[in-house]
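Raw input11.tsv, TSV, all heavy atoms:
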```tsv
chain	number	residue	atom	x	y	z
A	393	ARG	N	-47.07	-28.78	-48.57
A	393	ARG	CA	-48.44	-28.37	-48.71
A	393	ARG	C	-49.28	-28.68	-47.49
A	393	ARG	O	-50.31	-28.08	-47.33
A	393	ARG	CB	-49.14	-29.05	-49.83
A	393	ARG	CG	-48.87	-29.38	-50.92
A	393	ARG	CD	-49.65	-29.98	-52.01
A	393	ARG	NE	-50.33	-31.21	-51.74
A	393	ARG	CZ	-50.47	-32.15	-52.59
A	393	ARG	NH1	-49.96	-32.06	-53.77
A	393	ARG	NH2	-51.14	-33.22	-52.28
A	394	GLY	N	-48.86	-29.63	-46.69
A	394	GLY	CA	-49.62	-29.95	-45.50
A	394	GLY	C	-50.78	-30.87	-45.80
A	394	GLY	O	-51.03	-31.26	-46.93
A	395	GLY	N	-51.51	-31.22	-44.76
A	395	GLY	CA	-52.69	-32.06	-44.90
A	395	GLY	C	-52.41	-33.56	-44.85
A	395	GLY	O	-53.30	-34.35	-45.13
A	396	ALA	N	-51.19	-33.97	-44.50
A	396	ALA	CA	-50.88	-35.39	-44.41
A	396	ALA	C	-51.65	-36.01	-43.24
A	396	ALA	O	-51.78	-35.40	-42.19
A	396	ALA	CB	-49.38	-35.61	-44.21
A	397	THR	N	-52.15	-37.22	-43.45
A	397	THR	CA	-52.87	-37.93	-42.40
A	397	THR	C	-52.45	-39.39	-42.40
A	397	THR	O	-52.08	-39.95	-43.44
A	397	THR	CB	-54.39	-37.85	-42.58
A	397	THR	OG1	-54.74	-38.39	-43.84
A	397	THR	CG2	-54.90	-36.42	-42.49
A	398	ALA	N	-52.53	-40.00	-41.25
A	398	ALA	CA	-52.26	-41.43	-41.13
A	398	ALA	C	-53.59	-42.17	-41.25
A	398	ALA	O	-54.49	-41.97	-40.44
A	398	ALA	CB	-51.59	-41.73	-39.78
A	399	VAL	N	-53.73	-42.98	-42.29
A	399	VAL	CA	-54.95	-43.75	-42.51
A	399	VAL	C	-54.63	-45.23	-42.52
A	399	VAL	O	-53.50	-45.64	-42.84
A	399	VAL	CB	-55.65	-43.34	-43.84
A	399	VAL	CG1	-56.11	-41.91	-43.79
A	399	VAL	CG2	-54.73	-43.56	-45.02
A	400	ALA	N	-55.59	-46.04	-42.18
A	400	ALA	CA	-55.40	-47.50	-42.15
A	400	ALA	C	-54.89	-47.98	-43.51
A	400	ALA	O	-55.44	-47.63	-44.54
A	400	ALA	CB	-56.71	-48.20	-41.80
A	401	GLY	N	-53.81	-48.75	-43.47
A	401	GLY	CA	-53.24	-49.28	-44.70
A	401	GLY	C	-52.33	-48.32	-45.44
A	401	GLY	O	-51.76	-48.65	-46.46
A	402	GLY	N	-52.18	-47.11	-44.90
A	402	GLY	CA	-51.34	-46.10	-45.55
A	402	GLY	C	-49.89	-46.18	-45.11
A	402	GLY	O	-49.53	-46.87	-44.15
A	403	GLY	N	-49.05	-45.47	-45.81
A	403	GLY	CA	-47.62	-45.48	-45.54
A	403	GLY	C	-47.26	-44.93	-44.17
A	403	GLY	O	-46.38	-45.47	-43.49
A	404	LEU	N	-47.91	-43.87	-43.74
A	404	LEU	CA	-47.60	-43.30	-42.42
A	404	LEU	C	-48.01	-44.25	-41.30
A	404	LEU	O	-47.31	-44.36	-40.29
A	404	LEU	CB	-48.29	-41.95	-42.24
A	404	LEU	CG	-47.70	-40.81	-43.07
A	404	LEU	CD1	-48.58	-39.57	-42.95
A	404	LEU	CD2	-46.28	-40.50	-42.64
A	405	THR	N	-49.10	-44.95	-41.48
A	405	THR	CA	-49.53	-45.93	-40.48
A	405	THR	C	-48.54	-47.08	-40.40
A	405	THR	O	-48.19	-47.56	-39.32
A	405	THR	CB	-50.94	-46.44	-40.78
A	405	THR	OG1	-51.83	-45.33	-40.79
A	405	THR	CG2	-51.41	-47.44	-39.74
A	406	GLY	N	-48.07	-47.53	-41.55
A	406	GLY	CA	-47.07	-48.59	-41.59
A	406	GLY	C	-45.78	-48.17	-40.90
A	406	GLY	O	-45.17	-48.94	-40.15
A	407	LEU	N	-45.37	-46.93	-41.14
A	407	LEU	CA	-44.18	-46.41	-40.48
A	407	LEU	C	-44.39	-46.33	-38.98
A	407	LEU	O	-43.52	-46.72	-38.19
A	407	LEU	CB	-43.83	-45.03	-41.05
A	407	LEU	CG	-42.59	-44.35	-40.49
A	407	LEU	CD1	-41.36	-45.20	-40.69
A	407	LEU	CD2	-42.40	-42.99	-41.14
A	408	ALA	N	-45.55	-45.85	-38.55
A	408	ALA	CA	-45.85	-45.77	-37.12
A	408	ALA	C	-45.84	-47.15	-36.47
A	408	ALA	O	-45.34	-47.31	-35.35
A	408	ALA	CB	-47.21	-45.10	-36.91
A	409	ASP	N	-46.33	-48.16	-37.18
A	409	ASP	CA	-46.31	-49.53	-36.65
A	409	ASP	C	-44.88	-50.01	-36.45
A	409	ASP	O	-44.54	-50.62	-35.44
A	409	ASP	CB	-47.04	-50.49	-37.59
A	409	ASP	CG	-48.54	-50.28	-37.60
A	409	ASP	OD1	-49.06	-49.61	-36.68
A	409	ASP	OD2	-49.19	-50.78	-38.55
A	410	ARG	N	-44.01	-49.73	-37.41
A	410	ARG	CA	-42.60	-50.15	-37.31
A	410	ARG	C	-41.89	-49.45	-36.16
A	410	ARG	O	-41.10	-50.05	-35.43
A	410	ARG	CB	-41.89	-49.90	-38.63
A	410	ARG	CG	-42.31	-50.86	-39.71
A	410	ARG	CD	-41.76	-50.44	-41.07
A	410	ARG	NE	-42.05	-51.41	-42.10
A	410	ARG	CZ	-43.18	-51.49	-42.77
A	410	ARG	NH1	-44.18	-50.66	-42.50
A	410	ARG	NH2	-43.36	-52.40	-43.70
A	411	VAL	N	-42.17	-48.17	-36.00
A	411	VAL	CA	-41.56	-47.40	-34.90
A	411	VAL	C	-42.04	-47.95	-33.56
A	411	VAL	O	-41.27	-48.10	-32.61
A	411	VAL	CB	-41.89	-45.90	-35.05
A	411	VAL	CG1	-41.51	-45.12	-33.82
A	411	VAL	CG2	-41.19	-45.33	-36.28
A	412	SER	N	-43.32	-48.29	-33.48
A	412	SER	CA	-43.90	-48.81	-32.25
A	412	SER	C	-43.26	-50.14	-31.83
A	412	SER	O	-43.03	-50.37	-30.64
A	412	SER	CB	-45.40	-49.00	-32.44
A	412	SER	OG	-45.99	-49.59	-31.32
A	413	VAL	N	-42.95	-50.99	-32.79
A	413	VAL	CA	-42.32	-52.28	-32.49
A	413	VAL	C	-40.99	-52.07	-31.78
A	413	VAL	O	-40.57	-52.87	-30.95
A	413	VAL	CB	-42.13	-53.09	-33.80
A	413	VAL	CG1	-41.19	-54.27	-33.60
A	413	VAL	CG2	-43.48	-53.56	-34.32
A	414	LEU	N	-40.32	-50.98	-32.08
A	414	LEU	CA	-39.03	-50.66	-31.47
A	414	LEU	C	-39.17	-49.81	-30.21
A	414	LEU	O	-38.20	-49.22	-29.73
A	414	LEU	CB	-38.14	-49.93	-32.48
A	414	LEU	CG	-37.80	-50.73	-33.74
A	414	LEU	CD1	-37.13	-49.84	-34.76
A	414	LEU	CD2	-36.94	-51.93	-33.39
A	415	ASP	N	-40.39	-49.72	-29.68
A	415	ASP	CA	-40.70	-48.90	-28.51
A	415	ASP	C	-40.42	-47.41	-28.76
A	415	ASP	O	-40.08	-46.66	-27.84
A	415	ASP	CB	-39.94	-49.37	-27.26
A	415	ASP	CG	-40.41	-50.72	-26.78
A	415	ASP	OD1	-41.62	-51.01	-26.93
A	415	ASP	OD2	-39.59	-51.50	-26.28
A	416	GLY	N	-40.56	-47.01	-30.00
A	416	GLY	CA	-40.34	-45.61	-30.36
A	416	GLY	C	-41.64	-44.83	-30.42
A	416	GLY	O	-42.72	-45.37	-30.14
A	417	ARG	N	-41.50	-43.58	-30.80
A	417	ARG	CA	-42.67	-42.70	-30.93
A	417	ARG	C	-42.62	-41.98	-32.26
A	417	ARG	O	-41.55	-41.59	-32.73
A	417	ARG	CB	-42.69	-41.67	-29.81
A	417	ARG	CG	-42.96	-42.27	-28.45
A	417	ARG	CD	-43.14	-41.22	-27.41
A	417	ARG	NE	-41.85	-40.56	-27.17
A	417	ARG	CZ	-41.64	-39.67	-26.23
A	417	ARG	NH1	-42.62	-39.29	-25.45
A	417	ARG	NH2	-40.45	-39.14	-26.06
A	418	LEU	N	-43.76	-41.79	-32.86
A	418	LEU	CA	-43.89	-41.05	-34.10
A	418	LEU	C	-44.93	-39.97	-33.87
A	418	LEU	O	-46.01	-40.24	-33.32
A	418	LEU	CB	-44.32	-41.97	-35.24
A	418	LEU	CG	-44.46	-41.33	-36.60
A	418	LEU	CD1	-43.99	-42.28	-37.68
A	418	LEU	CD2	-45.88	-40.89	-36.87
A	419	SER	N	-44.62	-38.75	-34.25
A	419	SER	CA	-45.60	-37.69	-34.17
A	419	SER	C	-45.65	-36.97	-35.52
A	419	SER	O	-44.65	-36.84	-36.21
A	419	SER	CB	-45.28	-36.70	-33.04
A	419	SER	OG	-44.04	-36.08	-33.26
A	420	LEU	N	-46.83	-36.55	-35.90
A	420	LEU	CA	-47.06	-35.91	-37.18
A	420	LEU	C	-47.86	-34.64	-36.97
A	420	LEU	O	-48.88	-34.63	-36.28
A	420	LEU	CB	-47.85	-36.86	-38.10
A	420	LEU	CG	-48.33	-36.29	-39.42
A	420	LEU	CD1	-47.15	-35.98	-40.33
A	420	LEU	CD2	-49.29	-37.26	-40.09
A	421	SER	N	-47.37	-33.57	-37.54
A	421	SER	CA	-48.09	-32.30	-37.56
A	421	SER	C	-48.12	-31.85	-39.01
A	421	SER	O	-47.07	-31.67	-39.64
A	421	SER	CB	-47.39	-31.26	-36.69
A	421	SER	OG	-48.00	-29.99	-36.85
A	422	SER	N	-49.32	-31.70	-39.57
A	422	SER	CA	-49.44	-31.35	-40.98
A	422	SER	C	-50.69	-30.52	-41.23
A	422	SER	O	-51.65	-30.98	-41.84
A	422	SER	CB	-49.46	-32.63	-41.83
A	422	SER	OG	-49.40	-32.31	-43.19
A	423	PRO	N	-50.67	-29.27	-40.76
A	423	PRO	CA	-51.86	-28.44	-40.97
A	423	PRO	C	-52.03	-28.10	-42.45
A	423	PRO	O	-51.04	-28.09	-43.20
A	423	PRO	CB	-51.54	-27.18	-40.15
A	423	PRO	CG	-50.05	-27.13	-40.09
A	423	PRO	CD	-49.59	-28.56	-40.09
A	424	PRO	N	-53.26	-27.86	-42.89
A	424	PRO	CA	-53.47	-27.45	-44.28
A	424	PRO	C	-52.59	-26.24	-44.62
A	424	PRO	O	-52.49	-25.30	-43.85
A	424	PRO	CB	-54.95	-27.09	-44.33
A	424	PRO	CG	-55.56	-27.87	-43.21
A	424	PRO	CD	-54.51	-27.93	-42.14
A	425	GLY	N	-51.93	-26.31	-45.72
A	425	GLY	CA	-51.04	-25.21	-46.12
A	425	GLY	C	-49.61	-25.41	-45.65
A	425	GLY	O	-48.72	-24.67	-46.02
A	426	GLY	N	-49.42	-26.42	-44.77
A	426	GLY	CA	-48.07	-26.78	-44.33
A	426	GLY	C	-47.56	-25.90	-43.22
A	426	GLY	O	-48.26	-25.03	-42.73
A	427	PRO	N	-46.40	-26.16	-42.76
A	427	PRO	CA	-45.52	-27.23	-43.21
A	427	PRO	C	-45.85	-28.55	-42.52
A	427	PRO	O	-46.51	-28.57	-41.49
A	427	PRO	CB	-44.13	-26.75	-42.77
A	427	PRO	CG	-44.40	-25.98	-41.50
A	427	PRO	CD	-45.75	-25.31	-41.74
A	428	THR	N	-45.39	-29.62	-43.10
A	428	THR	CA	-45.54	-30.95	-42.51
A	428	THR	C	-44.30	-31.26	-41.68
A	428	THR	O	-43.18	-31.08	-42.16
A	428	THR	CB	-45.74	-32.02	-43.59
A	428	THR	OG1	-46.96	-31.76	-44.27
A	428	THR	CG2	-45.76	-33.42	-43.00
A	429	LEU	N	-44.51	-31.70	-40.46
A	429	LEU	CA	-43.41	-32.06	-39.58
A	429	LEU	C	-43.64	-33.48	-39.09
A	429	LEU	O	-44.66	-33.78	-38.48
A	429	LEU	CB	-43.33	-31.11	-38.38
A	429	LEU	CG	-42.28	-31.44	-37.32
A	429	LEU	CD1	-40.89	-31.36	-37.90
A	429	LEU	CD2	-42.43	-30.49	-36.15
A	430	LEU	N	-42.70	-34.36	-39.40
A	430	LEU	CA	-42.75	-35.75	-38.95
A	430	LEU	C	-41.55	-35.96	-38.04
A	430	LEU	O	-40.42	-35.70	-38.41
A	430	LEU	CB	-42.67	-36.70	-40.15
A	430	LEU	CG	-42.61	-38.19	-39.82
A	430	LEU	CD1	-43.94	-38.65	-39.23
A	430	LEU	CD2	-42.28	-38.99	-41.06
A	431	ARG	N	-41.83	-36.43	-36.83
A	431	ARG	CA	-40.76	-36.67	-35.86
A	431	ARG	C	-40.81	-38.12	-35.42
A	431	ARG	O	-41.86	-38.63	-35.03
A	431	ARG	CB	-40.93	-35.75	-34.66
A	431	ARG	CG	-39.86	-35.93	-33.62
A	431	ARG	CD	-40.10	-35.00	-32.44
A	431	ARG	NE	-39.06	-35.16	-31.48
A	431	ARG	CZ	-38.36	-34.18	-30.96
A	431	ARG	NH1	-38.63	-32.94	-31.31
A	431	ARG	NH2	-37.42	-34.42	-30.09
A	432	VAL	N	-39.66	-38.79	-35.49
A	432	VAL	CA	-39.55	-40.18	-35.07
A	432	VAL	C	-38.49	-40.24	-33.98
A	432	VAL	O	-37.38	-39.74	-34.17
A	432	VAL	CB	-39.18	-41.10	-36.24
A	432	VAL	CG1	-38.94	-42.52	-35.76
A	432	VAL	CG2	-40.26	-41.08	-37.31
A	433	GLU	N	-38.84	-40.84	-32.86
A	433	GLU	CA	-37.89	-41.03	-31.76
A	433	GLU	C	-37.74	-42.52	-31.51
A	433	GLU	O	-38.73	-43.22	-31.32
A	433	GLU	CB	-38.40	-40.35	-30.49
A	433	GLU	CG	-38.53	-38.84	-30.62
A	433	GLU	CD	-39.06	-38.20	-29.36
A	433	GLU	OE1	-38.64	-38.59	-28.26
A	433	GLU	OE2	-39.93	-37.33	-29.48
A	434	LEU	N	-36.50	-42.99	-31.54
A	434	LEU	CA	-36.20	-44.40	-31.29
A	434	LEU	C	-35.25	-44.49	-30.11
A	434	LEU	O	-34.23	-43.80	-30.07
A	434	LEU	CB	-35.54	-45.04	-32.52
A	434	LEU	CG	-36.36	-45.04	-33.80
A	434	LEU	CD1	-35.54	-45.55	-34.96
A	434	LEU	CD2	-37.62	-45.87	-33.61
A	435	PRO	N	-35.57	-45.37	-29.15
A	435	PRO	CA	-34.68	-45.52	-28.00
A	435	PRO	C	-33.41	-46.27	-28.43
A	435	PRO	O	-33.44	-47.11	-29.33
A	435	PRO	CB	-35.50	-46.36	-27.03
A	435	PRO	CG	-36.43	-47.13	-27.89
A	435	PRO	CD	-36.74	-46.24	-29.06
A	436	CYS	N	-32.32	-45.91	-27.82
A	436	CYS	CA	-31.08	-46.64	-28.09
A	436	CYS	C	-30.21	-46.58	-26.83
A	436	CYS	O	-30.39	-45.72	-25.99
A	436	CYS	CB	-30.34	-46.06	-29.28
A	436	CYS	SG	-29.81	-44.36	-29.08
A	437	GLU	N	-29.34	-47.54	-26.74
A	437	GLU	CA	-28.44	-47.60	-25.61
A	437	GLU	C	-27.02	-47.43	-26.13
A	437	GLU	O	-26.69	-47.95	-27.20
A	437	GLU	CB	-28.58	-48.95	-24.89
A	437	GLU	CG	-29.93	-49.15	-24.26
A	437	GLU	CD	-30.04	-50.48	-23.54
A	437	GLU	OE1	-28.99	-51.04	-23.16
A	437	GLU	OE2	-31.16	-50.95	-23.36
A	438	PRO	N	-26.18	-46.74	-25.37
A	438	PRO	CA	-24.80	-46.59	-25.80
A	438	PRO	C	-24.10	-47.95	-25.78
A	438	PRO	O	-24.42	-48.82	-24.97
A	438	PRO	CB	-24.18	-45.65	-24.78
A	438	PRO	CG	-25.09	-45.70	-23.60
A	438	PRO	CD	-26.44	-46.08	-24.10
A	439	ILE	N	-23.17	-48.13	-26.70
A	439	ILE	CA	-22.40	-49.36	-26.73
A	439	ILE	C	-20.93	-49.02	-26.48
A	439	ILE	O	-20.46	-47.93	-26.79
A	439	ILE	CB	-22.55	-50.11	-28.07
A	439	ILE	CG1	-22.09	-49.24	-29.24
A	439	ILE	CG2	-23.96	-50.58	-28.27
A	439	ILE	CD1	-22.02	-49.95	-30.55
A	440	ASP	N	-20.24	-49.97	-25.89
A	440	ASP	CA	-18.83	-49.77	-25.60
A	440	ASP	C	-18.02	-50.34	-26.78
A	440	ASP	O	-17.93	-51.54	-26.95
A	440	ASP	CB	-18.44	-50.47	-24.30
A	440	ASP	CG	-17.02	-50.21	-23.89
A	440	ASP	OD1	-16.28	-49.50	-24.62
A	440	ASP	OD2	-16.60	-50.72	-22.83
A	441	LEU	N	-17.48	-49.46	-27.59
A	441	LEU	CA	-16.74	-49.88	-28.77
A	441	LEU	C	-15.35	-50.41	-28.42
A	441	LEU	O	-14.69	-51.01	-29.25
A	441	LEU	CB	-16.63	-48.72	-29.77
A	441	LEU	CG	-17.94	-48.22	-30.34
A	441	LEU	CD1	-17.69	-47.01	-31.23
A	441	LEU	CD2	-18.64	-49.32	-31.12
A	442	CYS	N	-14.93	-50.21	-27.19
A	442	CYS	CA	-13.61	-50.67	-26.77
A	442	CYS	C	-13.65	-52.05	-26.14
A	442	CYS	O	-12.61	-52.58	-25.74
A	442	CYS	CB	-13.00	-49.67	-25.78
A	442	CYS	SG	-12.75	-48.05	-26.50
A	443	ALA	N	-14.81	-52.61	-25.98
A	443	ALA	CA	-14.94	-53.93	-25.32
A	443	ALA	C	-14.54	-55.05	-26.24
A	443	ALA	O	-14.57	-55.02	-27.38
A	443	ALA	CB	-16.35	-54.12	-24.81
```
Take the structure in this file and express it as structure tokens.
Amino acid sequence: RGGATAVAGGGLTGLADRVSVLDGRLSLSSPPGGPTLLRVELPCEPIDLCA
């Protein structure tokens, strides 16, 4: 339906805070009528599983 917003004390704000702690990024697009698009990017480094 769209119209999602990040407000103080809300779930999206809490999620954005958690993503930020990991040096990640959160973006939200939710125009009235939809669609809602939430994108979370978290940095990661490859690990050597053979070590």
> Please, what distance in Å, to one decimal, runs between CG of Leu434 in chain A and atom O of Gly394 in chain A?
Replying inline: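 So the two atoms, CG of Leu434 in chain A and atom O of Gly394 in chain A, lie 24.0 Å apart.
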> as an NGL selection string, which residues of chain A does DSSP assign to alpha helix (DSSP H)?
Replying inline: :A and (403-413)
> If you run DSSP on the backbone, which residues of chain A are strand (DSSP E or B), as a ChimeraX atom specification?
Replying inline: /A:417-421,429-433
> What's the 5 Å shell around Gly416 in chain A, counting all atoms listed in the file, without same-chain residues fewer than 2 positions away, as a PyMOL selection string?
Replying inline: chain A and resi 411-412+414+418+433-435
> If we count only C-alpha atoms, what is near Arg393 in chain A at a cut-off of 9 Å, once residues fewer than 5 positions away on the same chain are taken out, given as a ChimeraX atom specification?
Replying inline: /A:422-428
>> One number please: CG of Leu420 in chain A to atom N of Ala396 in chain A, in Å, one decimal.
In response: 6.3 Å
> For the atom pair CA of Arg417 in chain A and CA of Pro438 in chain A, what is the interatomic distance in Å to one decimal place?
Replying inline: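 Spanning CA of Arg417 in chain A to CA of Pro438 in chain A is a straight-line distance of 19.0 Å.
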Centre, edges in Å (one decimal): axis-aligned box, range 421-425 of chain A, 5 Å padding on all six sides, as JSON:
```
{"center_x": -51.3, "center_y": -29.1, "center_z": -41.4, "size_x": 18.5, "size_y": 18.9, "size_z": 19.4}
```
>> Considering only C-alpha atoms, can you say which of A:Ser419, A:Val413, A:Ala443, A:Gly401 comes closest to Arg431 in chain A?
In response: A:Ser419
